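K.L.:
coords12.tsv is the file, holding TSV, C-alpha atoms:
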chain	number	residue	atom	x	y	z
A	496	MET	CA	76.71	-22.38	26.98
A	497	ASP	CA	73.66	-22.14	29.28
A	498	PHE	CA	72.75	-18.89	27.53
A	499	ILE	CA	72.56	-20.65	24.15
A	500	GLN	CA	70.84	-23.83	25.39
A	501	LEU	CA	68.52	-22.52	28.10
A	502	GLY	CA	68.18	-18.88	27.06
A	503	ILE	CA	68.15	-18.75	23.26
A	504	GLY	CA	66.70	-22.29	23.13
A	505	ARG	CA	63.73	-21.28	25.32
A	506	TRP	CA	63.18	-18.07	23.33
A	507	LEU	CA	63.18	-20.00	20.04
A	508	HIS	CA	60.93	-22.69	21.55
A	509	ILE	CA	58.35	-20.06	22.53
A	510	ILE	CA	58.47	-18.11	19.22
A	511	ALA	CA	58.10	-21.26	17.10
A	512	GLY	CA	55.52	-22.70	19.52
A	513	VAL	CA	53.38	-19.57	19.28
A	514	MET	CA	53.49	-19.83	15.46
A	515	TRP	CA	52.67	-23.57	15.48
A	516	ILE	CA	49.81	-23.48	17.98
A	517	GLY	CA	48.63	-20.09	16.68
A	518	LEU	CA	48.22	-21.53	13.19
A	519	LEU	CA	46.63	-24.70	14.64
A	520	TYR	CA	44.04	-22.50	16.36
A	521	TYR	CA	43.61	-20.49	13.14
A	522	PHE	CA	42.77	-23.71	11.26
A	523	ASN	CA	40.35	-24.95	13.93
A	524	PHE	CA	38.76	-21.76	15.23
A	525	VAL	CA	38.69	-19.78	11.94
A	526	GLN	CA	39.38	-21.70	8.71
A	527	VAL	CA	37.09	-24.73	9.20
A	528	GLY	CA	34.07	-22.48	9.80
A	529	ALA	CA	35.12	-20.05	7.05
A	530	LEU	CA	35.40	-22.86	4.48
A	531	ALA	CA	31.96	-24.20	5.42
A	532	GLU	CA	30.49	-20.73	4.84
A	533	ALA	CA	32.55	-20.13	1.67
A	534	GLY	CA	31.31	-23.45	0.25
A	535	LYS	CA	27.78	-22.01	0.13
A	536	ASP	CA	28.70	-19.16	-2.24
A	537	GLY	CA	31.62	-20.82	-4.04
A	538	THR	CA	34.37	-18.58	-2.67
A	539	GLY	CA	36.33	-21.32	-0.86
A	540	ALA	CA	39.05	-21.43	-3.52
A	541	GLY	CA	40.42	-18.13	-2.23
A	542	ILE	CA	41.23	-19.87	1.04
A	543	THR	CA	42.29	-23.30	-0.27
A	544	LYS	CA	44.45	-21.87	-3.07
A	545	HIS	CA	46.09	-18.85	-1.48
A	546	VAL	CA	45.80	-19.05	2.32
A	547	ALA	CA	45.87	-22.74	3.34
A	548	PRO	CA	49.13	-23.74	1.54
A	549	ARG	CA	51.02	-20.81	3.10
A	550	ALA	CA	49.53	-21.43	6.54
A	551	LEU	CA	50.40	-25.14	6.28
A	552	PHE	CA	54.00	-24.35	5.31
A	553	TRP	CA	54.65	-22.21	8.40
A	554	PHE	CA	52.53	-24.58	10.55
A	555	ARG	CA	54.49	-27.76	9.82
A	556	TRP	CA	57.95	-26.18	9.92
A	557	ALA	CA	57.17	-24.22	13.09
A	558	ALA	CA	56.26	-27.61	14.61
A	559	VAL	CA	59.73	-28.94	13.71
A	560	VAL	CA	61.55	-25.89	15.12
A	561	THR	CA	59.42	-26.03	18.30
A	562	TRP	CA	60.22	-29.72	18.88
A	563	LEU	CA	63.94	-29.34	18.13
A	564	ALA	CA	64.26	-26.28	20.38
A	565	GLY	CA	62.40	-28.23	23.08
A	566	ALA	CA	64.85	-31.11	22.68
A	567	LEU	CA	67.74	-28.61	22.94
A	568	LEU	CA	66.21	-27.22	26.14
A	569	LEU	CA	65.94	-30.68	27.68
A	570	GLY	CA	69.52	-31.47	26.70
A	571	ALA	CA	70.96	-34.16	28.97
A	572	ASN	CA	67.52	-34.50	30.63
A	573	PHE	CA	65.87	-35.55	27.34
A	574	HIS	CA	65.59	-39.28	28.08
A	575	LYS	CA	64.96	-38.72	31.80
A	576	ALA	CA	61.93	-36.53	30.96
A	577	PHE	CA	60.48	-38.89	28.35
A	578	LEU	CA	61.03	-41.95	30.55
A	579	PHE	CA	59.80	-40.20	33.74
A	580	MET	CA	63.04	-41.04	35.52
A	581	ASN	CA	63.08	-37.91	37.70
A	582	PRO	CA	60.05	-36.55	39.63
A	583	GLY	CA	61.28	-33.02	38.98
A	584	LEU	CA	60.79	-33.68	35.27
A	585	TYR	CA	57.30	-35.26	35.44
A	586	ALA	CA	55.47	-32.14	34.26
A	587	ILE	CA	57.82	-31.46	31.34
A	588	GLY	CA	57.76	-35.19	30.55
A	589	VAL	CA	53.98	-35.12	30.07
A	590	GLY	CA	54.23	-31.88	28.06
A	591	ALA	CA	57.01	-33.31	25.89
A	592	TRP	CA	55.03	-36.50	25.19
A	593	LEU	CA	51.93	-34.50	24.22
A	594	GLY	CA	54.02	-32.24	21.96
A	595	THR	CA	55.64	-35.28	20.36
A	596	ILE	CA	52.26	-36.92	19.65
A	597	MET	CA	51.18	-33.60	18.13
A	598	ILE	CA	54.17	-33.28	15.77
A	599	PHE	CA	53.57	-36.90	14.71
A	600	ASN	CA	49.98	-35.94	13.85
A	601	VAL	CA	51.20	-32.92	11.87
A	602	TRP	CA	53.68	-34.79	9.67
A	603	VAL	CA	52.05	-38.23	9.43
A	604	LEU	CA	48.32	-37.45	9.40
A	605	ILE	CA	47.63	-33.76	8.68
A	606	TRP	CA	50.22	-32.77	6.04
A	607	PRO	CA	50.01	-35.87	3.73
A	608	ASN	CA	46.20	-35.69	3.78
A	609	GLN	CA	46.12	-31.92	3.24
A	610	GLN	CA	48.28	-32.43	0.15
A	611	LYS	CA	45.53	-34.66	-1.28
A	612	ILE	CA	42.75	-32.23	-0.26
A	613	LEU	CA	44.52	-29.20	-1.78
A	614	GLY	CA	45.41	-31.05	-4.99
A	615	MET	CA	49.18	-31.02	-4.40
A	616	VAL	CA	49.22	-34.79	-4.92
A	617	PRO	CA	46.76	-36.70	-7.14
A	618	ALA	CA	43.76	-38.27	-5.39
A	619	THR	CA	40.31	-39.55	-6.39
A	620	ASP	CA	37.19	-37.97	-4.91
A	621	PRO	CA	36.65	-40.83	-2.38
A	622	GLU	CA	40.35	-40.56	-1.39
A	623	LYS	CA	39.93	-36.80	-0.92
A	624	ALA	CA	36.82	-37.32	1.21
A	625	LYS	CA	38.68	-39.78	3.44
A	626	ALA	CA	41.72	-37.48	3.59
A	627	ARG	CA	39.48	-34.57	4.62
A	628	ARG	CA	38.07	-36.58	7.56
A	629	VAL	CA	41.46	-37.90	8.74
A	630	ALA	CA	43.13	-34.46	8.51
A	631	PHE	CA	40.18	-32.84	10.30
A	632	LEU	CA	40.18	-35.32	13.18
A	633	ALA	CA	43.99	-35.18	13.53
A	634	SER	CA	43.83	-31.37	13.63
A	635	ARG	CA	41.02	-31.45	16.20
A	636	THR	CA	42.97	-34.03	18.23
A	637	ASN	CA	45.94	-31.66	18.28
A	638	THR	CA	43.72	-28.78	19.39
A	639	MET	CA	42.43	-30.98	22.23
A	640	LEU	CA	45.97	-32.10	23.18
A	641	SER	CA	47.30	-28.52	23.06
A	642	ILE	CA	45.23	-27.67	26.15
A	643	PRO	CA	46.95	-30.10	28.57
A	644	MET	CA	50.25	-29.69	26.65
A	645	LEU	CA	50.33	-25.94	27.40
A	646	PHE	CA	49.28	-26.57	31.01
A	647	PHE	CA	52.22	-28.92	31.54
A	648	MET	CA	54.65	-26.65	29.67
A	649	ALA	CA	53.61	-23.79	31.96
A	650	ALA	CA	53.84	-26.08	35.01
A	651	ALA	CA	57.27	-27.45	34.08
A	652	GLY	CA	59.31	-24.69	35.70
A	653	HIS	CA	56.88	-24.26	38.59
A	654	GLN	CA	56.01	-27.76	39.82
A	655	GLY	CA	55.77	-26.56	43.43
A	656	ILE	CA	53.03	-24.05	42.56
A	657	PHE	CA	51.10	-26.37	40.24
A	658	PHE	CA	51.31	-29.63	42.19
A	659	GLY	CA	51.91	-28.50	45.79
B	1220	MET	CA	27.36	-41.35	20.01
B	1221	LYS	CA	28.57	-38.16	18.37
B	1222	ASN	CA	32.33	-37.58	18.20
B	1223	PRO	CA	33.08	-34.62	20.54
B	1224	LEU	CA	35.90	-33.55	18.19
B	1225	ASP	CA	33.32	-32.69	15.52
B	1226	SER	CA	32.41	-29.59	17.50
B	1227	LEU	CA	34.76	-26.86	18.63
B	1228	TRP	CA	33.31	-26.77	22.14
B	1229	GLY	CA	33.46	-30.57	22.37
B	1230	THR	CA	37.16	-30.34	21.47
B	1231	VAL	CA	37.88	-27.66	24.09
B	1232	ILE	CA	35.91	-29.48	26.83
B	1233	SER	CA	37.69	-32.76	25.96
B	1234	GLY	CA	41.02	-30.93	26.31
B	1235	LEU	CA	40.03	-29.54	29.70
B	1236	ILE	CA	38.91	-32.98	30.93
B	1237	LEU	CA	42.18	-34.52	29.72
B	1238	THR	CA	44.09	-31.76	31.53
B	1239	VAL	CA	42.33	-32.57	34.82
B	1240	ILE	CA	42.96	-36.32	34.41
B	1241	LEU	CA	46.67	-35.85	33.64
B	1242	PHE	CA	46.98	-33.28	36.46
B	1243	MET	CA	45.56	-35.79	38.97
B	1244	ILE	CA	47.91	-38.53	37.74
B	1245	VAL	CA	51.02	-36.32	38.01
B	1246	ARG	CA	49.94	-34.93	41.40
B	1247	TYR	CA	49.39	-38.49	42.71
B	1248	ALA	CA	52.80	-39.55	41.33
B	1249	LEU	CA	54.46	-36.62	43.11
B	1250	MET	CA	52.83	-37.34	46.52
Would you put the structure from the file into structure tokens?

P.N.:
Amino acid sequence: MDFIQLGIGRWLHIIAGVMWIGLLYYFNFVQVGALAEAGKDGTGAGITKHVAPRALFWFRWAAVVTWLAGALLLGANFHKAFLFMNPGLYAIGVGAWLGTIMIFNVWVLIWPNQQKILGMVPATDPEKAKARRVAFLASRTNTMLSIPMLFFMAAAGHQGIFFG
Amino acid sequence: MKNPLDSLWGTVISGLILTVILFMIVRYALM
């Protein structure tokens, strides 16, 4: 049972997490700048039509798999980590909270607004402009949060090394 | 004041600052 929960669960958590955060970094470190450049010569449609919808699909579902595999890993410690009931779970508790805020941003702020931006749901030009700003800031917030989130995920199994 | 999240470096530096703050809080809680 430990093999499934703590072994396979951790493996799945890392694979899905790499895909989620990898695509988040793709959006922030590559696509935002590329779209700004492409806007100057009118080639942005190649990205918004063919690349962004596919990247968003794997991005949002990788976020779900990452969170669920993380919950599986925590198992009986789930509520103790989130409620900071055990000092041995403080690091993973902070990491889990940051990851949870991030998945909320993905499904509540980024994805619904990206649907408007990419024309998957109808929206007026002012609505699209607002959606663009909200999605951008939510994505940048997640990039910012990913830095401490990964620190605390790395620290979780090694609290003695990280916190003395 | 400009939003630091508008720039990539502002975002990364904000993340590093947040890491240090949270690190100090958890370290203090574990003392």

K.L.:
Could the residues of segment 519-591 of chain A that have an atom at most 8 Å from segment 635-646 of chain A be listed as JSON lines, each with its closest atom pair and the distance in Å to one decimal, counting only C-alpha atoms and ordered by chain and ascending residue number?

P.N.:
{"residue": "A:Leu519", "atom": "CA", "partner": "A:Thr638", "partner_atom": "CA", "distance": 6.9}
{"residue": "A:Tyr520", "atom": "CA", "partner": "A:Thr638", "partner_atom": "CA", "distance": 7.0}
{"residue": "A:Asn523", "atom": "CA", "partner": "A:Arg635", "partner_atom": "CA", "distance": 6.9}
{"residue": "A:Val589", "atom": "CA", "partner": "A:Met644", "partner_atom": "CA", "distance": 7.4}
{"residue": "A:Gly590", "atom": "CA", "partner": "A:Met644", "partner_atom": "CA", "distance": 4.8}
{"residue": "A:Ala591", "atom": "CA", "partner": "A:Met644", "partner_atom": "CA", "distance": 7.7}

K.L.:
Just the selected residues (C-alpha atoms), exported as a PDB file, in the frame of the given file, please.

P.N.:
ATOM      1  CA  LEU A 519      46.630 -24.700  14.640  1.00  0.00           C
ATOM      2  CA  TYR A 520      44.040 -22.500  16.360  1.00  0.00           C
ATOM      3  CA  ASN A 523      40.350 -24.950  13.930  1.00  0.00           C
ATOM      4  CA  VAL A 589      53.980 -35.120  30.070  1.00  0.00           C
ATOM      5  CA  GLY A 590      54.230 -31.880  28.060  1.00  0.00           C
ATOM      6  CA  ALA A 591      57.010 -33.310  25.890  1.00  0.00           C
TER       7      ALA A 591
END

K.L.:
Using atom CA of Gly534 of chain A and atom CA of Leu1224 of chain B as the two end points, give the distance in Å to one decimal.

P.N.:
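So the answer is 21.1 Å.
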
K.L.:
For a quick test of understanding: name the residues of chain B lying within 7 Å of chain A when counting only C-alpha atoms, and present them as a PyMOL selection string.

P.N.:
chain B and resi 1224+1230-1231+1233-1235+1237-1238+1245-1246+1249

K.L.:
For the atom pair atom CA of Asn608 of chain A and atom CA of Ile1236 of chain B, what is the interatomic distance in Å to one decimal place?

P.N.:
28.2 Å

K.L.:
What is the distance between atom CA of Glu622 of chain A and atom CA of Gly537 of chain A, in Å to one decimal?

P.N.:
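Atom-to-atom, atom CA of Glu622 of chain A and atom CA of Gly537 of chain A are spaced 21.7 Å apart.
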
K.L.:
I want to know what sits within 8 Å of Trp515 of chain A, based on only C-alpha atoms, with residues of the same chain fewer than 4 positions away left out; could you give that as a list in words?

P.N.:
Ala511, Leu519, Trp553, Phe554, Arg555, Ala557, Ala558 and Thr561 of chain A
